[in-house]
Structure formats: C-alpha cells, structure tokens
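> Shown below is the structure under consideration.
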Amino acid sequence: MSESTRHIGKPIPRIDGLDKATGALKYLSDLRFEGTLWGKVLRAAHPHAMIRGIDTSAAEAIEGVHAVLTHRDVKGLNRFGIAVPDQPALCEDRVRYVGDAVALVVADTEEIATRACAAIVVDFRVLPVVDDPLRALEPGAPAVHTDGNLMHRNEVSKGDIAEGFEQSDVILEHHFSTQMYAHAFLELDAGTGLLDPGSGVLTIWCAGQYPYRDQLQIARAVGWDPEKIHVIASPIGGAFGGKDEITIQIYLALMAIAVPGRPVKLALSREESMEAGTKRHPFELDVKLGAKRDGTFMALDFEMVSDTGAYASLGGPVMNLAIEGASGPYVFPHTRIGGRVAYTNNGFSGAFRGFGTTQSCFAQEQMIDMLALELGMDPIDLRLKNALHTGDLSAMDHRIWTAVGIEETLRVARDSRIWRERRERQARHRPPLFFGTGVACEMQATGLGKGIPDFAGAHCDLEPDGAVKLRIGGIEMGTGVNTAYCQMAAEILGLPMDRMRIVMGDTGETPDSGTTTASRSIYMMGNAATLAARDLARVMGEFVASHWGEGFTLRDGAFVRDGQSVSLIDIAARASEMGQRLRGEGHTVHPEADRDFGDGLPHIMYAYCTQIASVIVDGETGEVFVDEVLSIPDCGRVINPQGVEGQSEGGVVMGASYALLEEVLMEGGRFINANFTNYSLPTAVDCPRRIDTVMVEVPEPTHEWGSKGIGETVTVPICPAIVNAIFDAIGIRFFRIPVTPERVVEAIEANPDCRAARAMSSAMG
Amino acid sequence: MPELVRIEDYHIPQTVEETLELLAAETKRGREVALLAGGTDILVRMREGRMQPRVIIQIEALDELRGITETETSLRIGARVTFAELLASPLIERHARVISLACFEIGAPQIQSRGTVGGQLGTASPVGDLIPPLLVLDAEVLCRSVDDERRIPIGDFVKGVGKNDLRPDELILGVEFPKPPPGAHGLWHKMGPRRAQSISKVSFAGLVHLDKRKRVALCRLAYGAVAVTAIRARETEALLTSQALTPALIREAQALVQTEFSPITDLRSTESYRRKMCGVMLRRGLSGLLEQG
C-alpha cells in the first residue's frame, strides 16, 4: 500500500496511555462493589497426596463465614483445561501440585476467610513426588495420572535424516537445558463474581485472555448455562500468556453461586499466584546439526523433553511450537524433530510469550553459532545462505506461501553499526572486562494452527453522538492493540482518532474474536476491525442513500455529494430518531496450511525476527552487562511504530532476563522462591544500556493492511543472541540458562584455556 | 497459609521513658513484643508468619531517637534515623562516607524512607547492608532499660541470624562511633542477584587509612552474607596493617580473605562464589586507593 495514510503507520499515542499513567484507569482487580464478601482458596498442603477426608465443620462455625465449598458442592464437570479439561477446580480425592485447590471460603472479610481456611481439616495421605521430567518418563516412576506420565509425544520429519547426516561434512551434537520461568505479571489474579438472583446471570469480572472460552470453561466446570454467564476480562495489567488458562474465574463463579446477590472478591497474593499459576516449561534438548563445508544446512535432529507439571493445560501445543520453531527460519532438506511432554508434581506450566519456540530457539541458534565458528564463516552470512523464503518447504515439509522477511532482517543486521564495529569495540576492552557480540534469529508460528478453529469477529457501531465504537472480543493486556484497531477503523472511515471508541473482552458487549494469544491480534482482530469499519461505511452509505438520496461518497468522515455534506453526527441523529442502530460487522478466518501434521501443526504464517546483542562480561565477578541490542522484527506493514517499539523493547528486556537472571526454583515439588524478594526481576539498571528497533516491512498479502503480529518473536532470539555474545566475549559456551555470575566464574575456572582465562592470567603477569 | 497474627495490645508511647516502662511491664508478663519503627522487616515477617507478636509498641513518635549528632570526636545516630536521612546527611557524608555508600544500595527509595538504623540492628540479618559499615567504624550500640544502660560493640551485639544481644526489656537508642581520622577512605561494594534493590550475595565495607608513604595506618574490613552475622576480616586486616600497600600485598590479601570465612550455598549464591568475591571486592577496593594516589 503506497497511498498516503492518516493513521496507519503513524506513531499515534496510546488511547489508554494517559489513564494508565495517571491511575485513572480501573483494572478489574481494582473494582469495588457495595457489600462485597471475600473469598479465599485452601490449597494443597503437599505436592502429591491422596485426600482421605475434608472436614469443614470448624470453618463453617466461625462467625462471619458465609460458605465453605468443596468438590461436593460443584454441580458441573469440576474440571478445566484449555486443551484437555483435566485439572480439578476443587480436588476430589487427590492433589498433584502445591497449588491445587481443595476448598473455598466466603466470609465477611479476608481475615475471617483466611482463618476459616486454616480451620478446614484435610486428611492427606502423602504420595511419592516426581520432580524430574526424565525420571517421570522412566518405568516405575510415581504416576501423576492413572494413564502414566507421558502427556504428549509428537514428531515431524522431512527427507531422510540418516542420509542427511551422511551427506554432511560437519556434524555437531549438543545437549541444552532451560529453566522454569514466571510470567510475573504486575496485576495479580484478582476479581469479583456476582450472581444476580433476579435474572440468574452470573457476572465474572476477572482478567483473562479469552473471555468467551472462560465463559465456556466456567459453564462446564460449575454446570451453569453459558448464556447466563457474563465474563468481563479486559483490560489486563499484564499477562504474557499467564492468564490464557483459567486462573480464578471458576472459584469466583462457585463462590458467587453460593451467596446469590452478594459480590465476592478474591485476590491472590504474589506467593499464591506464583505457586498456583502456569509457568514457562523447563526443557531438556538434544540437538544434532549437519552441514556441508560451504555452510549448506543438510540435516537437523531434535529430541526434547518438557516438564509440564501436574496438568495438561497447553503442554502439548507448547511442545508442538517448540518442534515447529526448532529449525529456525532456515531451509533443511532432512529433519527429524520430536518431543515428549512429562507430567510431574512441579507446579504446572502452560502458555508463555514465545510458547515453546523460546526453548528450541535457545538451542538451535547456538548450534548455528557453533557451526559458523567450525566452518570459519560469518554467523550472519551462514544464516543468510540458508534463509527461508516464500515458497520454500519448511523443516516440517509444508509449503510456506505467506510473506517471509527473515532475509531482509538479516541484511539490516549485517549492515548495522553494532555488527560492523563489533571487533573494534572488542579490542578496546581490557581484562577483566570482555566484550562480545552475538546474533540470533527466530520464526514464531502465529495464529492457532491447522485444524484449530481460528476466527475473529468485530462490530463497528455508529454511536448516537456520531462517534464510532469498535467492539472486539479480544483483550487489551498492555500491548496497545486497542489503539491499533482504532487506527485501522479510523483510517477506513476517515475519522480523527478522538472520534473512535472501543470496548474489548466482554461477552455481553463484544463478539467472539478468539484468544488474545499466538501473536494473532493485529492479524486476526485487526482484519475483523477493518472489515467491520468497511461494513459500517456500507451500512451508513445505504442509510444516507435512503434518507438523503443517491450519489454520496464517504470522504474524511462525512458523506459528500457536490458541495452537500452529511456528517456522521447527522446520520447518527437521524438513526436515533428512527430507533435504528447502524452497525458494521467484520468476520475473518485464519488461512491454513495445505498439509496436516495433527495437533494444530503446521501453521502457515510466521513472525520473523533477528536480534543482535553486545555484552560486557566481567571475567572476575562473572557479571554480564547487556550493552546494546538491535532488534529487527519483520512486522509486515507497521500500524503503529511506537507500539512496535514498545513490544520490541519489552520483549528484549524479558528475553534478556530469561538468559541471565530469572529462574523459578523448586525442590521436591515445592517452590522455594515464590515471591519477588527471592525471584529477582530486572530493574531499570539491569536493562540493556541501549535498545534500538529497526522494523522490516515485508507486507503479508493476506492481511487487509499487510500486517502481522510481533508480540512474541521480539522476546525470543535475544536469549541465544546474548549467550552467543557471551561466547564471543569469553570463549565459553553455555548450554544452560540462566547464565548467572556464579556459572560464569565456575566455567572460566574450569576452562583455563578459554579466551577470558588466558587473557586474565597474562594480564596478572 | 500462615496463622493470622492476633495482636492483643498496640501501644504508641510518646517518650523513651514510657516505652521502657511498657517494655519492663511486658517482659514481666512474658508476652512477645515487637517494636515497630519503619516496619520494613516486621510487617513482612508477620505476614509470612515468621513473627507472631502479641504486643506491638510503635516507636515512631519517639523524637528522642531521631537525629544525627556530633561531638568533637564522635558521631551519634539515633535508632529512628532512616536510611534516607543518612543519605541526606552532610555529617555522614563527611565523616562516614561508607555509610552513605551502603545506604544508597539498600532497597528502593520507599524502603530507604521507612527503614531505620534501629530496625537494621534489631533484625540482625547477616545481609543487613548497614552492619558491615558500622563494624568498620567500630560503632557501639546504645541500649537502655528502665534500670540499666549499656554500650555494646556492634561486633558483640549481632550474634547470629536474627539474633542480637538486646534484652527483652531494652530499647536501642542508637549507635555511636569515633570519627575516623581525616583522610581515611571508606570502601563499599555490594553484589546481589541484580544491580539495584537486591539482597546481598556478598557485601564488603572497608575503612582504610594510608599514611603519606602509602603505608596502611588503619585497616578495618567487614563482610556481609558470608557468615551468620556480618563479620570483620581480622586476619586480613592484620596482614595489611602497618605494611606498605603494594599490588603484591593486595594480591596476598585477596588470597587470604578468601579463606577467612565459611560462607554457605543458598538460593542466592554459592559458597565458592562468595569466597572469591570477598577477594575480588577487597582487591578492587584497595587497588582503587593505590590508583587514587
């Protein structure tokens, strides 16, 4: 699209920015209702145990307690889970992780509810704990579920892997490990439930990434008509995938049903949220990579095991995306990529920005770095030589006919200052400080994948005052999509931004737009919003034709015909008089791949990103300072550069922290750093000194504006880029993250021949 | 889920005398008492159920415990003085810069505005970042009860993880220490899991005075998070004192200090890393003095 635009591609300020900055915006956890009662959850006292009995009588006897609920009070399926509903809302006879819920209390105050929880007597028989995914898959391991601990297994292949390695001149083989990692969203899981006894409608105000699916999961678990459940799920104060699965919505529903007419509020503490909620899966990865002497990739073999913890949630799909992303954005003639997902008693893992590709990319992009070194090739040239293009067959053997911008991102990387000056800057550092630069790429599957219903709806209403209101079922969780949708609709209708309104994520107010996950919002909901705006233009055009006559065209927010102009305000006033509502609707369905490998594989559209990091390593203290980052996402066409920059910078900080700092520590199924005192998050001074974002725009032809989502891909390659940079700096390869100062110091000591150790010992003379 | 704290009495005395009488009375009754100043430690501990006092005495109103004062030879800091007040104090900056350096890295500004000197001593945590500076300043803790007043050297006052020498009927009035000789250097280095608002993996404070010939006239070194209390590095101090400070001596001190303590491996760091950092911090601090000339 080359025509000039009014809003598209412009750094329009966030429509909710001021209210968020001033605190005027109320999140769902901020809402206060008259006469609110407080809820509390009694969690499992053990990571694995049978429940032999639950005695609630003492709790019920406490003054101010309105209800004590156990599984006996649940009328529905009493289960939830996005892919497989296998997780009990309230446990019946067994608990499988420390966050499992056993009972709920509703009381006048939070204090009374807490005391009542402590008064519930649960007779547990402790079972052996399995806290290692590899051990969990061995015969004789304690079974977390009756049909064993293998939750999911998948494998894809292309060509003939044995032949591929036979034809390779160089073969590398390594093992990698990644840690459990917390979303650490700022807004804790909190919300309110209310059953209106008159209408029988159950309203749940609670942050969630897909209100319509929350509605379904609540209905199924508690045995309630979904039509009589109203879920309000937006705005969200941070989620990153951690509010994709049910968090507390079912508890709110159960408690509200128990005390009709009274709002019930539940607010988890940070510790409870950390222990009960989903995490990023820890992975073990074995990788074998073969290539020709000239750098041509020949064969890739991946075998992975992930620890999904106690319940399925999205453990299967996360492994599938690890498999799909394992090759990276490169062409391989021969592949075999497999993964197993193990149940353990280690909390439970699920959706997290990057969704499995984070883990496989960490391994693969280091393999490629090692290969470049082995072949004496520039790491960017090696990647360019093997880069994927539109029309190529993927590593899974399906034809990618959508836009592929990885080559363009790599060319920007190769020509960048940070890359060109890296040797010069390295030479300027003296022991014990070592400077290094690393690069990595990623392809992130976007959309939900083959065979999974992937649709979005949007409504675009002319309001009585002549403003235009978008209604979209997706949620706003800090990414700025609400601003982007308004830009798209305002562009179509020729309106200024201040005439746009938007409501999101409310089953009573918005159509179903699918989940706000899988980097699908700008693509799917953006398309739906655009189509809805176009449809509203058509509806208004017809209305104008029948009331003001034929021949009007929409220009700059008004219908005009030789000197005559009918504004949206005129149209709205006439429509109100006539009792009509003018609404445009947009509905869109995601394109699918031509092949089907099962379980949602493959996808047909990917976000691509190249990132370069330069680091300074203190060889004595082991501290790694990320100096500069260049982030180069292939965005398709950019709707709002400020929004992309925000996503890119946030993603870099998150991915850098994954590489260097954060790790959820567990022992025997118990969390040992489940608070922000001991689970360290980066502060401003821990962030890279400088982050630049260069947006590559290779238009995606199937999108109305040529755009696609980049919310996840900007988080992923930064981690291997940093670890590659550390290698460049000190000559040591890290196969496990986070790369803590302790690990760096230990590694330098264990490798007296590495660049850093030699330089430091000669410097000390 | 921690037991709920049931507070039976909550006092807000207006004077030290009144506070001491309350403490004496409660000591006789045998109820567990918590003295509440900034609350940055106590509130966290109560919430986690690690501390369950029956009586709280809020000492925020005790102006007698405020203020930083000097005599010709010493400085005195009241127990109610906050880290933020220490940071803002020209007296501290001039005579005890090692305290300013440490306070800058304690918590966030919110914690600095609430947390107090008395609280740091009362909590007696091995990672309390103010204690190593007080150790190298040879501070004494001033305590008073209804019928006794004591001055306890800081090294004797802190006795273990969360343990100190304070008697149940005593109140910490403040700390006092001699002014270091003019020209003495304060050294401070803290390492934590991240670069701000962190809990120390290792912290190091030093007070070193070099005479004109670069001889070490005064040397006191202390570390946090390497033992059950913050602790002086006596052997290394002895090695350095009265010697000419040279790169070779600094290397020797680095090697020695790594063997002086028996730190542990915990969720924040490892035994071997802590040992090594003791040496690196010392060498960097002392080398900085040499380079300053």
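The chains in the structure tokens are called A, B, ... from first to last as shown; in each chain the residues are counted from 1, and the ligands are counted from 1 in the order shown.
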Starting from chain A, keep only residues with some atom at most 10 Å from an atom of chain B, counting only C-alpha atoms, and report them as a PyMOL selection string.

chain A and resi 41-43+45+111-112+114-115+117-118+272+620-623+660-662+665+672-673+677-687+740-743+745-746+764

> Output the selection as a PDB file, in the first residue's frame - C-alpha atoms for each residue.


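result_27.pdb was written with the following content:
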ATOM      1  CA  VAL A  41      -8.739 -20.665  48.433  1.00  0.00           C
ATOM      2  CA  LEU A  42      -7.415 -23.525  50.515  1.00  0.00           C
ATOM      3  CA  ARG A  43      -4.523 -25.010  48.535  1.00  0.00           C
ATOM      4  CA  ALA A  45      -0.522 -28.813  51.671  1.00  0.00           C
ATOM      5  CA  GLU A 111      -9.122 -12.099  57.570  1.00  0.00           C
ATOM      6  CA  ILE A 112     -12.085 -14.252  58.549  1.00  0.00           C
ATOM      7  CA  THR A 114      -8.154 -16.821  55.933  1.00  0.00           C
ATOM      8  CA  ARG A 115      -8.882 -18.038  59.442  1.00  0.00           C
ATOM      9  CA  CYS A 117      -9.359 -21.783  55.569  1.00  0.00           C
ATOM     10  CA  ALA A 118      -6.908 -22.630  58.333  1.00  0.00           C
ATOM     11  CA  GLU A 272      -0.158 -17.836  45.877  1.00  0.00           C
ATOM     12  CA  GLU A 620      36.282 -11.978  37.651  1.00  0.00           C
ATOM     13  CA  THR A 621      32.795 -11.449  39.032  1.00  0.00           C
ATOM     14  CA  GLY A 622      31.018 -13.269  36.218  1.00  0.00           C
ATOM     15  CA  GLU A 623      28.569 -10.424  35.775  1.00  0.00           C
ATOM     16  CA  LEU A 660      20.729 -14.080  32.616  1.00  0.00           C
ATOM     17  CA  LEU A 661      18.581 -13.734  35.701  1.00  0.00           C
ATOM     18  CA  GLU A 662      15.231 -15.351  36.335  1.00  0.00           C
ATOM     19  CA  LEU A 665      13.470 -22.769  41.932  1.00  0.00           C
ATOM     20  CA  ILE A 672      11.447 -22.021  47.126  1.00  0.00           C
ATOM     21  CA  ASN A 673      11.482 -18.535  45.615  1.00  0.00           C
ATOM     22  CA  THR A 677      12.160 -10.952  47.318  1.00  0.00           C
ATOM     23  CA  ASN A 678      13.829 -14.077  46.036  1.00  0.00           C
ATOM     24  CA  TYR A 679      12.556 -14.280  42.450  1.00  0.00           C
ATOM     25  CA  SER A 680      14.575 -11.408  41.066  1.00  0.00           C
ATOM     26  CA  LEU A 681      13.169  -9.400  38.179  1.00  0.00           C
ATOM     27  CA  PRO A 682      15.271  -6.890  36.283  1.00  0.00           C
ATOM     28  CA  THR A 683      15.140  -3.264  37.417  1.00  0.00           C
ATOM     29  CA  ALA A 684      15.794  -0.297  35.143  1.00  0.00           C
ATOM     30  CA  VAL A 685      19.545  -0.533  35.738  1.00  0.00           C
ATOM     31  CA  ASP A 686      19.537  -4.216  34.788  1.00  0.00           C
ATOM     32  CA  CYS A 687      18.171  -3.427  31.326  1.00  0.00           C
ATOM     33  CA  THR A 740      24.380 -16.429  36.314  1.00  0.00           C
ATOM     34  CA  PRO A 741      27.628 -14.832  37.574  1.00  0.00           C
ATOM     35  CA  GLU A 742      28.243 -17.985  39.607  1.00  0.00           C
ATOM     36  CA  ARG A 743      28.076 -20.135  36.456  1.00  0.00           C
ATOM     37  CA  VAL A 745      33.024 -17.731  37.230  1.00  0.00           C
ATOM     38  CA  GLU A 746      32.834 -21.502  37.611  1.00  0.00           C
ATOM     39  CA  MET A 764      48.073 -10.565  36.057  1.00  0.00           C
TER      40      MET A 764
END

> Looking only at helix (DSSP H, G or I) from DSSP on the backbone, list the matching residues of segment 565-615 of chain A as a list in words.

Leu568, Ile569, Asp570, Ile571, Ala572, Ala573, Arg574, Ala575, Ser576 and Glu577 of chain A

> Filtering to all heavy atoms, could you give me those residues as a compact mmCIF listing (two decimals), in the first residue's frame?


# COMPACT_ATOMS: atom_id res chain seq x y z
N LEU A 568 -21.33 12.29 10.13
CA LEU A 568 -21.72 11.11 10.93
C LEU A 568 -22.66 11.51 12.06
O LEU A 568 -23.50 10.72 12.50
CB LEU A 568 -20.47 10.40 11.47
CG LEU A 568 -19.98 9.23 10.60
CD1 LEU A 568 -19.76 9.63 9.16
CD2 LEU A 568 -18.75 8.58 11.19
N ILE A 569 -22.49 12.76 12.51
CA ILE A 569 -23.40 13.26 13.56
C ILE A 569 -24.83 13.35 13.01
O ILE A 569 -25.79 12.93 13.66
CB ILE A 569 -22.91 14.63 14.07
CG1 ILE A 569 -21.53 14.46 14.73
CG2 ILE A 569 -23.92 15.26 15.05
CD1 ILE A 569 -20.81 15.75 15.05
N ASP A 570 -24.96 13.85 11.76
CA ASP A 570 -26.29 13.92 11.12
C ASP A 570 -26.89 12.52 10.99
O ASP A 570 -28.07 12.30 11.27
CB ASP A 570 -26.18 14.53 9.71
CG ASP A 570 -25.58 15.93 9.74
OD1 ASP A 570 -25.76 16.63 10.75
OD2 ASP A 570 -24.93 16.31 8.73
N ILE A 571 -26.04 11.60 10.54
CA ILE A 571 -26.54 10.23 10.32
C ILE A 571 -26.97 9.62 11.65
O ILE A 571 -28.04 9.00 11.75
CB ILE A 571 -25.44 9.37 9.66
CG1 ILE A 571 -25.02 9.97 8.31
CG2 ILE A 571 -25.93 7.93 9.48
CD1 ILE A 571 -23.76 9.35 7.71
N ALA A 572 -26.15 9.82 12.68
CA ALA A 572 -26.46 9.24 13.99
C ALA A 572 -27.76 9.82 14.53
O ALA A 572 -28.59 9.10 15.09
CB ALA A 572 -25.31 9.51 14.95
N ALA A 573 -27.94 11.13 14.35
CA ALA A 573 -29.16 11.77 14.86
C ALA A 573 -30.38 11.20 14.15
O ALA A 573 -31.39 10.85 14.79
CB ALA A 573 -29.07 13.28 14.64
N ARG A 574 -30.29 11.07 12.81
CA ARG A 574 -31.43 10.53 12.06
C ARG A 574 -31.72 9.08 12.47
O ARG A 574 -32.86 8.68 12.67
CB ARG A 574 -31.15 10.63 10.55
CG ARG A 574 -32.27 10.12 9.66
CD ARG A 574 -33.52 11.01 9.69
NE ARG A 574 -33.27 12.36 9.19
CZ ARG A 574 -33.38 12.72 7.90
NH1 ARG A 574 -33.74 11.83 7.01
NH2 ARG A 574 -33.14 13.95 7.54
N ALA A 575 -30.63 8.31 12.64
CA ALA A 575 -30.81 6.90 13.01
C ALA A 575 -31.46 6.79 14.39
O ALA A 575 -32.34 5.95 14.60
CB ALA A 575 -29.46 6.18 12.99
N SER A 576 -31.04 7.66 15.31
CA SER A 576 -31.63 7.64 16.65
C SER A 576 -33.12 7.96 16.59
O SER A 576 -33.93 7.29 17.24
CB SER A 576 -30.95 8.68 17.56
OG SER A 576 -29.65 8.27 17.88
N GLU A 577 -33.45 8.97 15.82
CA GLU A 577 -34.87 9.34 15.65
C GLU A 577 -35.69 8.15 15.20
O GLU A 577 -36.81 7.93 15.61
CB GLU A 577 -35.01 10.42 14.56
CG GLU A 577 -34.83 11.83 15.04
CD GLU A 577 -34.67 12.77 13.83
OE1 GLU A 577 -35.27 12.49 12.76
OE2 GLU A 577 -33.90 13.76 13.96

> Excluding segment 229-233 of chain B and its own-chain neighbours fewer than 6 positions away, which residues fall within 12 Å of it when counting only C-alpha atoms? Please give them as a PyMOL selection string.

chain B and resi 120-121+123-138+154-164+200+202-207+219-223+239-240+253-254+256-263+278-279+282

> Using only C-alpha atoms, pick whichever of A:Ala427, A:Ala89, A:Ala656, A:Ala101 has the shortest atom-to-atom distance to Pro47 of chain A.

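Closest to Pro47 of chain A of all the choices is A:Ala101.
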
> Neighbours of segment 256-269 of chain A within 8 Å (only C-alpha atoms; same-chain residues fewer than 4 positions away dropped), as a PyMOL selection string?

chain A and resi 29+33-40+66-67+106+188-197+202+248+252+273

> Check the smallest atom-to-atom distance from each of A:Ala528, A:Ile62, A:Gly237, A:Val287 to Gly23 of chain A using only C-alpha atoms, then report the winner.

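Counting only C-alpha atoms, the residue closest to Gly23 of chain A is A:Gly237.
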
> Hey, what's within 8 Å of Phe124 of chain A if we count only C-alpha atoms and toss same-chain stuff fewer than 2 positions away? As an mmCIF file with C-alpha atoms, in the first residue's frame, please?


data_model
loop_
_atom_site.group_PDB
_atom_site.id
_atom_site.type_symbol
_atom_site.label_atom_id
_atom_site.label_comp_id
_atom_site.auth_asym_id
_atom_site.auth_seq_id
_atom_site.Cartn_x
_atom_site.Cartn_y
_atom_site.Cartn_z
ATOM 1 C CA ALA A 49 -1.213 -36.710 48.125
ATOM 2 C CA MET A 50 -4.486 -38.572 48.386
ATOM 3 C CA ILE A 51 -7.340 -36.807 50.132
ATOM 4 C CA ARG A 52 -8.991 -39.166 52.590
ATOM 5 C CA GLY A 53 -11.415 -36.672 54.013
ATOM 6 C CA VAL A 122 -7.963 -32.166 55.263
ATOM 7 C CA VAL A 126 1.216 -38.227 51.210
#

> Please indicate the distance in Å from atom CA of Asp753 of chain A to atom CA of Gly731 of chain A, rounded to one decimal place.

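Answer for the atom CA of Asp753 of chain A to atom CA of Gly731 of chain A separation: 9.0 Å.
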
> Counting only C-alpha atoms, which of A:Gln564, A:Ser657, A:Ser519, A:Gln580 gets nearest to Val539 of chain A?

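For Val539 of chain A, the nearest of the given residues is A:Gln580.
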
> Can you list every residue in segment 283-475 of chain A that DSSP puts in strand (DSSP E), as number ranges by chain?

A: 283-291, 297-309, 334-343, 433-446, 455-462, 468-472

> Using only C-alpha atoms, which of A:Ala607, A:Ala342, A:Val716, A:Val231 sits nearest Gln364 of chain A?

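Checking each of A:Ala607, A:Ala342, A:Val716, A:Val231 against Gln364 of chain A, counting only C-alpha atoms, the winner is A:Val716.
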
> Need to verify the contact set: Lys279 of chain A, 10 Å, only C-alpha atoms, exclusion of same-chain residues closer than 2 positions in sequence. Can you return it as a PyMOL selection string?

chain A and resi 180-184+241-242+274-277+281-282+308-309+347-352+664

> Rounded to one decimal place, report the atom CA of Ala102 of chain B-atom CA of Val216 of chain B distance in Å.

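These atoms are spaced 23.0 Å apart.
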
> Restricting the calculation to only C-alpha atoms: of B:Val175, B:Ile92, B:Leu101, B:Leu218, which residue gets closest to Ile77 of chain B?

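Distance minimum relative to Ile77 of chain B lands on B:Val175.
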